[in-house]
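Structure file start16.txt; described as compact mmCIF, C-alpha atoms (C1' of nucleotides).
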# COMPACT_ATOMS: atom_id res chain seq x y z
CA MET A 653 56.62 147.70 195.06
CA ASP A 654 59.29 149.52 193.11
CA ILE A 655 60.90 150.81 196.25
CA GLN A 656 62.49 147.39 196.61
CA MET A 657 64.88 148.48 193.87
CA LEU A 658 66.03 151.34 196.07
CA VAL A 659 66.31 149.15 199.15
CA ASP A 660 68.37 146.65 197.16
CA SER A 661 70.56 149.44 195.90
CA PHE A 662 71.37 150.47 199.46
CA SER A 663 71.94 146.89 200.47
CA ARG A 664 74.85 146.62 198.12
CA TYR A 665 76.58 149.21 200.29
CA TRP A 666 75.17 148.80 203.80
CA PRO A 667 71.92 146.93 204.48
CA LEU A 668 69.00 148.76 206.07
CA GLU A 669 67.40 147.42 209.23
CA PRO A 670 63.59 146.95 209.00
CA GLU A 671 62.77 150.24 210.78
CA ALA A 672 65.04 152.19 208.44
CA THR A 673 63.43 150.48 205.45
CA LYS A 674 59.99 151.37 206.75
CA ALA A 675 60.95 155.00 207.35
CA LEU A 676 62.50 155.17 203.89
CA LYS A 677 59.31 153.89 202.27
CA GLU A 678 57.33 156.60 203.99
CA CYS A 679 59.70 159.25 202.69
CA THR A 680 59.79 158.41 199.00
CA ILE A 681 57.61 159.88 196.30
CA GLN A 682 57.28 158.06 192.98
CA GLN A 683 57.00 160.21 189.86
CA VAL A 684 56.66 159.37 186.19
CA LEU A 685 58.02 161.77 183.58
CA LYS A 686 57.74 161.93 179.82
CA ARG A 687 60.68 162.46 177.48
CA ARG A 688 62.17 165.98 177.64
CA GLU A 689 60.50 166.89 180.90
CA LEU A 690 62.39 169.02 183.43
CA VAL A 691 63.02 167.82 186.98
CA LEU A 692 65.00 170.94 187.92
CA LYS A 693 65.80 174.23 186.26
CA PRO A 694 68.06 177.20 187.07
CA GLY A 695 66.63 179.57 189.63
CA GLU A 696 64.80 176.77 191.37
CA GLN A 697 66.16 175.15 194.51
CA CYS A 698 66.99 171.44 194.24
CA ARG A 699 64.75 170.04 196.98
CA HIS A 700 64.93 166.34 196.16
CA PHE A 701 67.35 163.48 195.99
CA ASN A 702 66.28 161.65 192.81
CA PHE A 703 66.75 157.91 192.38
CA VAL A 704 66.13 156.49 188.89
CA LEU A 705 63.84 153.46 188.87
CA HIS A 706 63.55 153.46 185.11
CA GLY A 707 64.62 155.66 182.23
CA CYS A 708 67.46 158.08 181.56
CA LEU A 709 68.17 161.68 182.59
CA LYS A 710 70.88 164.28 182.14
CA MET A 711 72.12 167.20 184.23
CA TYR A 712 73.49 170.12 182.22
CA LYS A 713 74.45 173.74 182.48
CA VAL A 714 73.87 176.41 179.84
CA ASP A 715 76.73 178.90 179.51
CA ASP A 716 76.68 182.58 178.55
CA GLN A 717 76.80 181.75 174.83
CA GLY A 718 73.84 179.42 175.19
CA ASN A 719 75.89 176.24 174.85
CA ARG A 720 74.86 173.21 176.89
CA HIS A 721 77.36 171.17 178.88
CA ASN A 722 76.36 167.79 180.25
CA LEU A 723 77.61 167.21 183.78
CA GLN A 724 75.96 163.85 184.41
CA PHE A 725 73.78 161.11 183.01
CA ALA A 726 71.64 158.91 185.24
CA VAL A 727 70.00 155.58 184.43
CA GLU A 728 68.43 152.80 186.49
CA ASN A 729 69.83 152.68 190.07
CA ASP A 730 71.63 156.01 189.75
CA TRP A 731 71.08 159.14 191.84
CA ILE A 732 70.83 162.55 190.24
CA VAL A 733 70.91 165.62 192.47
CA ASP A 734 72.36 169.11 192.40
CA TYR A 735 74.19 168.67 195.73
CA GLY A 736 75.28 172.30 195.85
CA SER A 737 71.77 173.67 195.65
CA PHE A 738 70.29 170.89 197.78
CA TYR A 739 72.47 171.54 200.83
CA SER A 740 73.05 175.28 200.46
CA GLU A 741 69.31 175.76 199.86
CA GLU A 742 70.22 178.28 197.18
CA PRO A 743 68.88 178.40 193.61
CA SER A 744 70.36 175.85 191.24
CA ASP A 745 72.17 176.84 188.06
CA VAL A 746 71.62 173.57 186.21
CA TYR A 747 68.89 171.69 184.40
CA ILE A 748 67.91 168.10 185.12
CA GLU A 749 65.93 166.73 182.19
CA THR A 750 64.68 163.35 181.03
CA LEU A 751 66.14 161.86 177.86
CA GLU A 752 63.49 159.12 177.89
CA THR A 753 60.24 158.41 179.67
CA SER A 754 61.43 157.89 183.25
CA THR A 755 60.26 156.90 186.70
CA LEU A 756 61.90 158.46 189.75
CA LEU A 757 61.81 157.86 193.46
CA ARG A 758 62.27 161.23 195.12
CA ILE A 759 63.18 162.11 198.70
CA ARG A 760 62.46 165.66 199.87
CA ASN A 761 65.21 167.53 201.73
CA LYS A 762 63.34 167.63 205.06
CA ASP A 763 62.61 163.93 204.80
CA LEU A 764 66.23 163.14 204.04
CA PHE A 765 67.36 165.15 207.05
CA TYR A 766 64.86 163.20 209.13
CA LEU A 767 66.31 159.93 207.86
CA TYR A 768 69.88 161.11 208.53
CA ASP A 769 69.01 162.07 212.09
CA HIS A 770 67.07 158.96 213.05
CA PHE A 771 68.94 156.27 211.15
CA PRO A 772 72.73 156.66 210.96
CA VAL A 773 72.73 153.96 208.30
CA PHE A 774 71.70 156.66 205.82
CA ASP A 775 74.74 158.77 206.64
CA ARG A 776 76.74 155.61 206.00
CA ASN A 777 75.02 154.75 202.73
CA PHE A 778 75.08 158.23 201.27
CA ARG A 779 78.69 158.65 202.35
CA ILE A 780 79.61 155.58 200.33
CA ILE A 781 77.47 156.62 197.37
CA ILE A 782 79.04 160.04 197.13
CA GLU A 783 82.53 158.65 197.69
CA ASN A 784 82.05 156.41 194.67
CA ALA A 785 80.71 159.30 192.64
CA PHE A 786 83.72 161.37 193.69
CA ILE A 787 86.16 158.66 192.59
CA GLU A 788 84.53 158.38 189.15
CA GLN A 789 84.41 162.14 188.77
CA GLN A 790 88.10 162.40 189.62
CA LYS A 791 88.85 160.05 186.75
CA ARG A 792 86.86 162.36 184.52
CA VAL A 793 88.90 165.35 185.69
CA LEU A 794 92.09 163.45 184.92
CA GLN A 795 90.77 162.61 181.45
CA ASN A 796 89.91 166.23 180.81
CA ILE A 797 93.31 167.60 181.77
CA SER A 798 95.39 164.85 180.19
CA SER A 799 93.65 163.37 177.14
CA THR A 800 92.56 164.33 173.65
CA ALA A 801 88.92 164.34 172.60
CA GLU A 802 89.43 161.03 170.80
CA GLU A 803 90.77 159.38 173.95
CA ARG A 804 87.91 160.76 176.01
CA TYR A 805 85.41 159.41 173.47
CA LEU A 806 86.99 155.95 173.49
CA TYR A 807 87.06 155.98 177.29
CA PHE A 808 83.39 156.91 177.46
CA MET A 809 82.53 154.14 175.00
CA LYS A 810 84.45 151.54 177.00
CA LYS A 811 83.33 152.70 180.42
CA TYR A 812 79.66 153.37 179.78
CA PRO A 813 78.58 150.96 177.01
CA HIS A 814 75.05 150.94 178.43
CA LEU A 815 74.88 154.72 177.94
CA PHE A 816 76.77 154.68 174.67
CA ASN A 817 74.07 152.56 173.07
CA ARG A 818 71.26 154.59 174.52
CA ILE A 819 71.98 158.27 173.96
CA SER A 820 72.78 160.40 170.92
CA ASN A 821 76.23 161.56 169.88
CA VAL A 822 75.20 165.14 170.58
CA GLN A 823 74.75 164.19 174.24
CA ILE A 824 78.05 162.34 174.39
CA ALA A 825 79.87 165.26 172.72
CA SER A 826 78.46 167.65 175.30
CA TYR A 827 79.59 165.32 178.11
CA ILE A 828 83.16 164.81 176.94
CA GLY A 829 83.51 168.49 176.06
CA VAL A 830 83.66 168.70 172.26
CA THR A 831 81.38 170.04 169.54
CA PRO A 832 79.13 167.53 167.76
CA GLU A 833 80.90 168.41 164.49
CA PHE A 834 84.28 167.47 165.86
CA LEU A 835 82.94 164.28 167.42
CA SER A 836 81.68 163.37 163.96
CA THR A 837 85.18 163.72 162.48
CA ILE A 838 86.58 161.62 165.32
CA ARG A 839 84.04 158.91 164.58
CA LYS A 840 84.84 159.02 160.88
CA LYS A 841 88.53 158.65 161.59
CA LEU A 842 87.93 155.71 163.95
CA THR A 843 85.78 153.75 161.49
CA SER A 844 88.01 154.36 158.47
CA GLY A 845 91.43 153.99 160.16
CA MET B 1326 97.78 169.74 220.99
CA ASP B 1327 97.55 170.11 217.26
CA ILE B 1328 94.70 167.66 217.07
CA GLN B 1329 92.48 170.49 218.24
CA MET B 1330 92.75 171.83 214.69
CA LEU B 1331 91.21 168.61 213.41
CA VAL B 1332 88.48 168.60 216.06
CA ASP B 1333 87.65 172.21 215.18
CA SER B 1334 87.54 171.30 211.53
CA PHE B 1335 84.92 168.62 212.21
CA SER B 1336 83.00 170.99 214.46
CA ARG B 1337 82.31 173.28 211.53
CA TYR B 1338 80.28 170.41 210.03
CA TRP B 1339 78.98 168.36 212.95
CA PRO B 1340 80.48 168.62 216.47
CA LEU B 1341 82.05 165.56 218.08
CA GLU B 1342 80.86 164.39 221.48
CA PRO B 1343 83.70 163.94 224.06
CA GLU B 1344 83.96 160.16 223.58
CA ALA B 1345 84.27 160.55 219.82
CA THR B 1346 86.94 163.21 220.31
CA LYS B 1347 88.83 160.92 222.64
CA ALA B 1348 88.65 158.00 220.23
CA LEU B 1349 89.76 160.24 217.38
CA LYS B 1350 92.81 161.39 219.34
CA GLU B 1351 93.81 157.79 219.92
CA CYS B 1352 93.57 157.06 216.21
CA THR B 1353 95.64 159.90 214.78
CA ILE B 1354 99.32 159.79 213.96
CA GLN B 1355 101.21 163.02 213.55
CA GLN B 1356 103.93 163.10 210.92
CA VAL B 1357 106.33 165.81 209.76
CA LEU B 1358 107.58 165.78 206.17
CA LYS B 1359 110.21 167.78 204.36
CA ARG B 1360 109.68 169.44 200.99
CA ARG B 1361 109.38 166.97 198.06
CA GLU B 1362 108.75 163.94 200.26
CA LEU B 1363 106.28 161.29 199.11
CA VAL B 1364 103.26 160.32 201.19
CA LEU B 1365 101.99 157.86 198.60
CA LYS B 1366 103.28 156.47 195.33
CA PRO B 1367 101.85 154.25 192.57
CA GLY B 1368 101.83 150.57 193.42
CA GLU B 1369 101.37 151.29 197.10
CA GLN B 1370 97.97 151.06 198.74
CA CYS B 1371 96.64 154.30 200.22
CA ARG B 1372 96.18 153.24 203.84
CA HIS B 1373 95.64 156.63 205.47
CA PHE B 1374 93.29 159.55 205.50
CA ASN B 1375 95.64 162.55 205.63
CA PHE B 1376 94.66 165.82 207.28
CA VAL B 1377 96.97 168.78 206.73
CA LEU B 1378 97.92 170.60 209.93
CA HIS B 1379 100.52 172.70 208.22
CA GLY B 1380 102.11 172.92 204.79
CA CYS B 1381 101.06 172.12 201.26
CA LEU B 1382 100.79 168.90 199.23
CA LYS B 1383 99.74 167.80 195.77
CA MET B 1384 98.23 164.64 194.34
CA TYR B 1385 99.23 163.88 190.76
CA LYS B 1386 99.28 161.16 188.17
CA VAL B 1387 102.03 160.46 185.67
CA ASP B 1388 100.77 159.44 182.22
CA ASP B 1389 102.32 157.11 179.64
CA GLN B 1390 104.39 159.94 178.16
CA GLY B 1391 105.76 160.81 181.58
CA ASN B 1392 103.71 163.99 181.95
CA ARG B 1393 102.40 164.91 185.39
CA HIS B 1394 98.81 165.95 186.00
CA ASN B 1395 97.82 167.54 189.28
CA LEU B 1396 94.53 166.25 190.60
CA GLN B 1397 94.47 168.07 193.91
CA PHE B 1398 96.28 170.49 196.19
CA ALA B 1399 95.87 170.37 199.96
CA VAL B 1400 96.76 173.03 202.52
CA GLU B 1401 95.92 173.61 206.19
CA ASN B 1402 92.58 171.97 207.17
CA ASP B 1403 92.30 170.02 203.92
CA TRP B 1404 92.13 166.25 203.53
CA ILE B 1405 94.18 164.45 200.91
CA VAL B 1406 93.46 160.80 200.19
CA ASP B 1407 93.29 158.47 197.20
CA TYR B 1408 89.75 157.34 197.97
CA GLY B 1409 89.77 154.72 195.23
CA SER B 1410 92.79 152.92 196.58
CA PHE B 1411 91.82 153.48 200.21
CA TYR B 1412 88.47 151.75 199.96
CA SER B 1413 89.20 149.19 197.26
CA GLU B 1414 92.43 148.23 199.07
CA GLU B 1415 94.10 148.06 195.68
CA PRO B 1416 97.37 149.72 194.66
CA SER B 1417 97.17 153.43 194.00
CA ASP B 1418 98.14 154.94 190.65
CA VAL B 1419 98.89 158.43 191.97
CA TYR B 1420 101.57 160.27 193.88
CA ILE B 1421 100.94 162.39 196.96
CA GLU B 1422 103.92 164.67 197.54
CA THR B 1423 104.74 167.65 199.72
CA LEU B 1424 105.31 171.00 198.02
CA GLU B 1425 106.55 172.47 201.33
CA THR B 1426 107.61 171.19 204.72
CA SER B 1427 104.35 169.82 206.07
CA THR B 1428 102.75 168.32 209.13
CA LEU B 1429 100.01 165.74 208.74
CA LEU B 1430 97.56 164.02 211.02
CA ARG B 1431 97.00 160.56 209.61
CA ILE B 1432 94.27 158.01 210.31
CA ARG B 1433 94.91 154.41 209.31
CA ASN B 1434 92.20 152.55 207.41
CA LYS B 1435 91.44 150.08 210.23
CA ASP B 1436 91.23 152.92 212.72
CA LEU B 1437 88.89 154.87 210.47
CA PHE B 1438 86.61 151.84 210.11
CA TYR B 1439 86.64 151.54 213.91
CA LEU B 1440 85.59 155.17 214.22
CA TYR B 1441 82.86 154.75 211.59
CA ASP B 1442 81.46 151.72 213.40
CA HIS B 1443 81.50 153.11 216.91
CA PHE B 1444 80.68 156.77 216.32
CA PRO B 1445 78.14 157.49 213.56
CA VAL B 1446 79.17 161.14 213.79
CA PHE B 1447 82.18 160.22 211.64
CA ASP B 1448 79.95 158.86 208.88
CA ARG B 1449 78.13 162.18 209.12
CA ASN B 1450 81.25 164.32 209.05
CA PHE B 1451 83.00 162.48 206.27
CA ARG B 1452 79.80 162.41 204.26
CA ILE B 1453 79.65 166.19 204.43
CA ILE B 1454 83.36 166.57 203.71
CA ILE B 1455 83.21 164.43 200.58
CA GLU B 1456 79.95 166.05 199.45
CA ASN B 1457 81.68 169.43 199.53
CA ALA B 1458 84.68 168.02 197.68
CA PHE B 1459 82.32 166.55 195.07
CA ILE B 1460 80.57 169.89 194.54
CA GLU B 1461 83.88 171.70 194.01
CA GLN B 1462 85.13 168.97 191.71
CA GLN B 1463 81.98 169.18 189.64
CA LYS B 1464 82.68 172.87 189.07
CA ARG B 1465 86.13 171.88 187.87
CA VAL B 1466 84.63 169.37 185.42
CA LEU B 1467 82.33 172.07 184.09
CA GLN B 1468 85.30 174.43 183.67
CA ASN B 1469 87.23 171.76 181.81
CA ILE B 1470 84.49 170.98 179.32
CA SER B 1471 83.30 174.55 178.78
CA SER B 1472 86.15 177.05 179.21
CA THR B 1473 89.41 178.04 177.56
CA ALA B 1474 92.72 177.77 179.37
CA GLU B 1475 92.68 181.51 180.05
CA GLU B 1476 89.29 181.28 181.74
CA ARG B 1477 90.39 178.31 183.80
CA TYR B 1478 93.49 180.21 184.93
CA LEU B 1479 91.48 183.28 185.93
CA TYR B 1480 89.01 181.07 187.79
CA PHE B 1481 91.80 179.35 189.68
CA MET B 1482 93.32 182.71 190.61
CA LYS B 1483 90.01 184.04 191.89
CA LYS B 1484 88.92 180.89 193.66
CA TYR B 1485 92.17 179.81 195.29
CA PRO B 1486 94.11 183.02 195.99
CA HIS B 1487 95.77 181.35 198.97
CA LEU B 1488 97.14 178.65 196.64
CA PHE B 1489 97.85 181.04 193.79
CA ASN B 1490 100.32 182.97 195.94
CA ARG B 1491 101.93 179.86 197.31
CA ILE B 1492 102.67 177.50 194.44
CA SER B 1493 104.54 177.79 191.16
CA ASN B 1494 103.00 178.34 187.74
CA VAL B 1495 104.17 174.91 186.67
CA GLN B 1496 101.93 173.42 189.36
CA ILE B 1497 98.97 175.59 188.39
CA ALA B 1498 99.45 174.74 184.71
CA SER B 1499 99.42 171.04 185.53
CA TYR B 1500 96.23 171.50 187.55
CA ILE B 1501 94.25 173.46 184.96
CA GLY B 1502 95.46 171.20 182.17
CA VAL B 1503 97.83 173.29 180.03
CA THR B 1504 101.55 173.27 179.34
CA PRO B 1505 103.72 175.69 181.35
CA GLU B 1506 104.72 177.35 178.07
CA PHE B 1507 101.17 178.16 177.14
CA LEU B 1508 100.37 179.38 180.66
CA SER B 1509 103.27 181.75 180.24
CA THR B 1510 101.79 183.22 177.08
CA ILE B 1511 98.41 183.54 178.81
CA ARG B 1512 100.06 185.46 181.66
CA LYS B 1513 101.87 187.70 179.23
CA LYS B 1514 98.65 188.51 177.43
CA LEU B 1515 96.86 189.27 180.71
CA THR B 1516 99.51 191.67 182.00
CA SER B 1517 99.97 193.51 178.69
CA GLY B 1518 96.32 193.70 177.66
C1' DC C 443 128.75 180.78 193.95
C1' DG C 444 127.00 177.07 191.35
C1' DT C 445 123.22 174.11 190.37
C1' DC C 446 118.73 173.07 189.68
C1' DT C 447 114.24 174.53 188.59
C1' DA C 448 110.94 177.82 186.86
C1' DT C 449 109.70 181.06 183.41
C1' DT C 450 109.80 183.17 178.97
C1' DT C 451 110.19 183.39 173.87
C1' DG C 452 109.39 181.96 169.13
C1' DA C 453 108.52 178.98 165.16
C1' DA C 454 106.21 175.12 163.39
C1' DT C 455 102.56 171.87 164.08
C1' DG C 456 98.44 169.77 165.69
C1' DT C 457 94.00 169.83 167.86
C1' DA C 458 89.51 171.61 168.13
C1' DC C 459 86.00 175.28 167.06
C1' DT C 460 82.91 178.23 164.09
C1' DC C 461 79.92 178.76 160.53
C1' DA C 462 77.27 177.24 156.72
C1' DA C 463 75.14 173.76 154.33
C1' DA C 464 73.88 169.16 152.97
C1' DA C 465 72.45 164.55 153.98
C1' DG C 466 70.31 161.02 156.88
C1' DC C 467 66.80 159.28 160.01
C1' DG C 468 62.58 158.62 162.65
C1' DG C 469 58.17 159.73 163.76
C1' DT C 470 53.61 161.79 162.56
C1' DG C 471 49.75 162.97 159.98
C1' DG C 472 47.34 162.99 155.76
C1' DC D 910 52.12 154.35 152.12
C1' DC D 911 54.17 158.45 151.36
C1' DA D 912 55.38 163.27 152.37
C1' DC D 913 56.81 166.27 155.55
C1' DC D 914 58.91 167.92 159.75
C1' DG D 915 62.27 168.21 163.30
C1' DC D 916 66.39 166.62 164.90
C1' DT D 917 70.90 164.34 164.35
C1' DT D 918 74.91 163.54 161.85
C1' DT D 919 78.15 164.61 158.34
C1' DT D 920 81.19 167.57 155.42
C1' DG D 921 84.36 171.26 154.37
C1' DA D 922 86.73 175.65 154.60
C1' DG D 923 88.69 178.96 157.46
C1' DT D 924 90.21 180.24 162.03
C1' DA D 925 91.47 180.01 166.87
C1' DC D 926 93.40 177.63 170.60
C1' DA D 927 97.02 174.93 172.53
C1' DT D 928 101.18 171.81 172.07
C1' DT D 929 105.91 170.56 170.88
C1' DC D 930 110.58 171.46 170.71
C1' DA D 931 114.57 174.15 171.37
C1' DA D 932 116.86 177.68 173.58
C1' DA D 933 117.56 181.78 176.36
C1' DT D 934 116.73 184.09 180.76
C1' DA D 935 115.55 184.53 185.47
C1' DG D 936 115.06 182.84 190.26
C1' DA D 937 115.58 179.97 194.27
C1' DC D 938 118.03 177.00 197.30
C1' DG D 939 121.77 174.84 199.46

Translate the structure described by the file into structure tokens.
Amino acid sequence: MDIQMLVDSFSRYWPLEPEATKALKECTIQQVLKRRELVLKPGEQCRHFNFVLHGCLKMYKVDDQGNRHNLQFAVENDWIVDYGSFYSEEPSDVYIETLETSTLLRIRNKDLFYLYDHFPVFDRNFRIIIENAFIEQQKRVLQNISSTAEERYLYFMKKYPHLFNRISNVQIASYIGVTPEFLSTIRKKLTSG
Amino acid sequence: MDIQMLVDSFSRYWPLEPEATKALKECTIQQVLKRRELVLKPGEQCRHFNFVLHGCLKMYKVDDQGNRHNLQFAVENDWIVDYGSFYSEEPSDVYIETLETSTLLRIRNKDLFYLYDHFPVFDRNFRIIIENAFIEQQKRVLQNISSTAEERYLYFMKKYPHLFNRISNVQIASYIGVTPEFLSTIRKKLTSG
DNA sequence: CGTCTATTTGAATGTACTCAAAAGCGGTGG
DNA sequence: CCACCGCTTTTGAGTACATTCAAATAGACG
């Protein structure tokens, strides 16, 4: 079963005892999505923790001028969740959308709370997962306040080669916070110089 | 005792049973610092979780050109930690410094791991604490990739009025990612217009 | 009171965006 | 197999946003 991928993913942080594994299996829903399908949209509450078994997704927000801004990409073994909406139980203001055909394992909020309350190992695992996400995101904040677009592009390229070779420049531009046009001039400069 | 402030802080997320409270008390070290004192500097491992009882601190990184970039401020009831260094046990690359005379409650890494292992409520509490920090930080990322400096300044003002009235414009400029000179022109424009 | 830091001002420069249009690329159907 | 369609990438001109550097002014702290 594909859930083994999720169990293995946890095991890298803190292994699950058999009962926790069993409970986890009973709480996960597998879902297959085509390219460009929405997992979440603004106005809707984020009711699931989403684990990527296969494929690639993005989380983005649309601003008042209609511009899209990518907050996160997720590939195999990543989680993608609007934490704010999930825990506050208020409507989300972001989209989660597939960039490729994807398979998710999803855990509903009530099921996750059940797991938290009966198996402390899930508090432990999700604490570690979010701590790691926080650390990476802090590096992104530092980049944003201290580097030029070119530096951010080079950093993205170096840090996420698996994403770099998988998604379009439009998506990368939206993630590092530049227009596609300007990213194009950066790329030109890098190849010529 | 001042530790009550820390216990109360946890209680807003998930209350501590008496034994956990007792163990926590035995693990905390109170420390008073003068203005401009360093709690952490690059090269040094971050060995403590720091809870602010009183005062104000900043975490910042110095780049290759010698410019400082503020990653975080912490006031009463906030935590300030270099999570990356704390968990990896590798040298930090940031400074944590007081902006005012401050009092901290500090938990050493070994003591925190003891608490995690004996009282799952700490996994729970710190999971929630870091989740909230992640959500706020994600809003900051969105700001950085989608807004002008003026918008970021106005957002900071609205969101952190308690900080806005407590720290200098140089510190705010470094946090929102602009030069002090340009922040000055933004402020001029806002007061005149 | 003197020193150190924070804030303001202005000119010149650099970085990034907007808008419009052309060129490239990949998939689909005829 | 080719023609067409939609989307991505490139190009360029003009403009807006933000930095650098230097210097003057204002505040804060011991």

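One distance worth recording is that between atom CA of A:His721 and atom C1' of D:DC914, which is 26.8 Å.
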
message: Near chain A, meaning an atom within 8 Å, which residues of chain D appear when counting all atoms listed in the file? Write them as a VMD selection string.
response: chain D and resid 917 to 919

A:Ser798 surroundings by all atoms listed in the file, 7 Å radius, close-in-sequence under 3 positions cut, as a ChimeraX atom specification: /A:794-795 /B:1394,1502

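A straight line drawn from atom CA of A:Tyr665 to atom CA of A:Glu788 is 16.5 Å long.
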
Surrounding residues of stretch 1408-1412 of chain B excluding itself and chain neighbours under 4 positions, 6 Å, all atoms listed in the file, as a short mmCIF file (atom, residue, chain, number, x, y, z; two decimals) with C-alpha atoms, keeping the file's coordinate frame:
data_model
loop_
_atom_site.label_atom_id
_atom_site.label_comp_id
_atom_site.auth_asym_id
_atom_site.auth_seq_id
_atom_site.Cartn_x
_atom_site.Cartn_y
_atom_site.Cartn_z
CA ILE A 787 86.16 158.66 192.59
CA GLN B 1370 97.97 151.06 198.74
CA CYS B 1371 96.64 154.30 200.22
CA ARG B 1372 96.18 153.24 203.84
CA PRO B 1416 97.37 149.72 194.66
CA SER B 1417 97.17 153.43 194.00
#

Could you work out which residues of chain C fall inside 12 Å of chain B? Count all atoms listed in the file, and format the result as a JSON list (two decimals) with C-alpha atoms (C1' of nucleotides), in the frame of the given file.
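Below you can see part_13.json, which holds the result:
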[["chain", "number", "residue", "atom", "x", "y", "z"],
["C", 447, "DT", "C1'", 114.24, 174.53, 188.59],
["C", 448, "DA", "C1'", 110.94, 177.82, 186.86],
["C", 449, "DT", "C1'", 109.70, 181.06, 183.41],
["C", 450, "DT", "C1'", 109.80, 183.17, 178.97],
["C", 451, "DT", "C1'", 110.19, 183.39, 173.87],
["C", 452, "DG", "C1'", 109.39, 181.96, 169.13],
["C", 458, "DA", "C1'", 89.51, 171.61, 168.13],
["C", 459, "DC", "C1'", 86.00, 175.28, 167.06]]

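Closest to chain A among B:Arg1431, B:Arg1452, B:Lys1359, B:Arg1393 is B:Arg1452, based on only C-alpha atoms.
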
message: Which residue is closest to chain A? Choose from B:Tyr1500, B:Tyr1439, B:Phe1335, B:Tyr1420 and count all atoms listed in the file.
response: B:Tyr1500

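For the choices C:DT460, C:DG466, C:DG471, C:DA453, the atom-to-atom distance to D:DA925 is smallest for C:DT460 when using all atoms listed in the file.
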
- request: Identify, on the basis of all atoms listed in the file, every residue whose closest approach to C:DA463 does not exceed 12 Å; exclude the query and any residue fewer than 6 positions from it along the same chain; express the result as a ChimeraX atom specification.
  value: /D:919-922

Give me, as JSON lines, each residue of chain A that comes within 8 Å of chain B, together with its shortest interatomic pair and the distance in Å at one decimal, counting only C-alpha atoms, with rows ordered by chain and rising residue number.
{"residue": "A:Asp715", "atom": "CA", "partner": "B:Ser1471", "partner_atom": "CA", "distance": 7.9}
{"residue": "A:His721", "atom": "CA", "partner": "B:Ser1471", "partner_atom": "CA", "distance": 6.8}
{"residue": "A:Leu723", "atom": "CA", "partner": "B:Leu1467", "partner_atom": "CA", "distance": 6.8}
{"residue": "A:Tyr735", "atom": "CA", "partner": "B:Ile1460", "partner_atom": "CA", "distance": 6.6}
{"residue": "A:Gly736", "atom": "CA", "partner": "B:Ile1460", "partner_atom": "CA", "distance": 6.0}
{"residue": "A:Pro772", "atom": "CA", "partner": "B:Pro1445", "partner_atom": "CA", "distance": 6.1}
{"residue": "A:Asp775", "atom": "CA", "partner": "B:Arg1449", "partner_atom": "CA", "distance": 5.4}
{"residue": "A:Arg776", "atom": "CA", "partner": "B:Asp1448", "partner_atom": "CA", "distance": 5.4}
{"residue": "A:Phe778", "atom": "CA", "partner": "B:Arg1452", "partner_atom": "CA", "distance": 7.0}
{"residue": "A:Arg779", "atom": "CA", "partner": "B:Arg1452", "partner_atom": "CA", "distance": 4.4}
{"residue": "A:Ile780", "atom": "CA", "partner": "B:Arg1452", "partner_atom": "CA", "distance": 7.9}
{"residue": "A:Ile782", "atom": "CA", "partner": "B:Glu1456", "partner_atom": "CA", "distance": 6.5}
{"residue": "A:Glu783", "atom": "CA", "partner": "B:Ile1455", "partner_atom": "CA", "distance": 6.5}
{"residue": "A:Asn784", "atom": "CA", "partner": "B:Gly1409", "partner_atom": "CA", "distance": 7.9}
{"residue": "A:Ala785", "atom": "CA", "partner": "B:Phe1459", "partner_atom": "CA", "distance": 7.8}
{"residue": "A:Phe786", "atom": "CA", "partner": "B:Phe1459", "partner_atom": "CA", "distance": 5.5}
{"residue": "A:Ile787", "atom": "CA", "partner": "B:Gly1409", "partner_atom": "CA", "distance": 6.0}
{"residue": "A:Gln789", "atom": "CA", "partner": "B:Gln1462", "partner_atom": "CA", "distance": 7.5}
{"residue": "A:Gln790", "atom": "CA", "partner": "B:Gln1462", "partner_atom": "CA", "distance": 7.5}
{"residue": "A:Arg792", "atom": "CA", "partner": "B:Val1466", "partner_atom": "CA", "distance": 7.4}
{"residue": "A:Val793", "atom": "CA", "partner": "B:Val1466", "partner_atom": "CA", "distance": 5.9}
{"residue": "A:Leu794", "atom": "CA", "partner": "B:Leu1396", "partner_atom": "CA", "distance": 6.8}
{"residue": "A:Asn796", "atom": "CA", "partner": "B:Asn1469", "partner_atom": "CA", "distance": 6.2}
{"residue": "A:Ile797", "atom": "CA", "partner": "B:Gly1502", "partner_atom": "CA", "distance": 4.2}
{"residue": "A:Ser798", "atom": "CA", "partner": "B:Gly1502", "partner_atom": "CA", "distance": 6.7}
{"residue": "A:Ser826", "atom": "CA", "partner": "B:Ile1470", "partner_atom": "CA", "distance": 8.0}
{"residue": "A:Tyr827", "atom": "CA", "partner": "B:Ile1470", "partner_atom": "CA", "distance": 7.6}
{"residue": "A:Ile828", "atom": "CA", "partner": "B:Ile1470", "partner_atom": "CA", "distance": 6.7}
{"residue": "A:Gly829", "atom": "CA", "partner": "B:Ile1470", "partner_atom": "CA", "distance": 4.2}
{"residue": "A:Val830", "atom": "CA", "partner": "B:Ile1470", "partner_atom": "CA", "distance": 7.5}

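The space separating atom CA of B:Cys1352 from atom CA of B:Ile1432 comes to 6.0 Å.
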
query: Residues at most 12 Å from B:Glu1351, counting all atoms listed in the file, excluding those fewer than 5 positions away in the same chain, as a VMD selection string?
result: chain B and resid 1328 1344 to 1346 1430 to 1433 1436 to 1437 1439 to 1440

Selection as a VMD selection string: residues within 6 Å of (71.6, 168.3, 189.4), counting only C-alpha atoms (C1' of nucleotides): chain A and resid 711 732 to 734 748

For those residues, write C-alpha atoms to a file as a compact mmCIF listing (two decimals), in the frame of the given file.
# COMPACT_ATOMS: atom_id res chain seq x y z
CA MET A 711 72.12 167.20 184.23
CA ILE A 732 70.83 162.55 190.24
CA VAL A 733 70.91 165.62 192.47
CA ASP A 734 72.36 169.11 192.40
CA ILE A 748 67.91 168.10 185.12
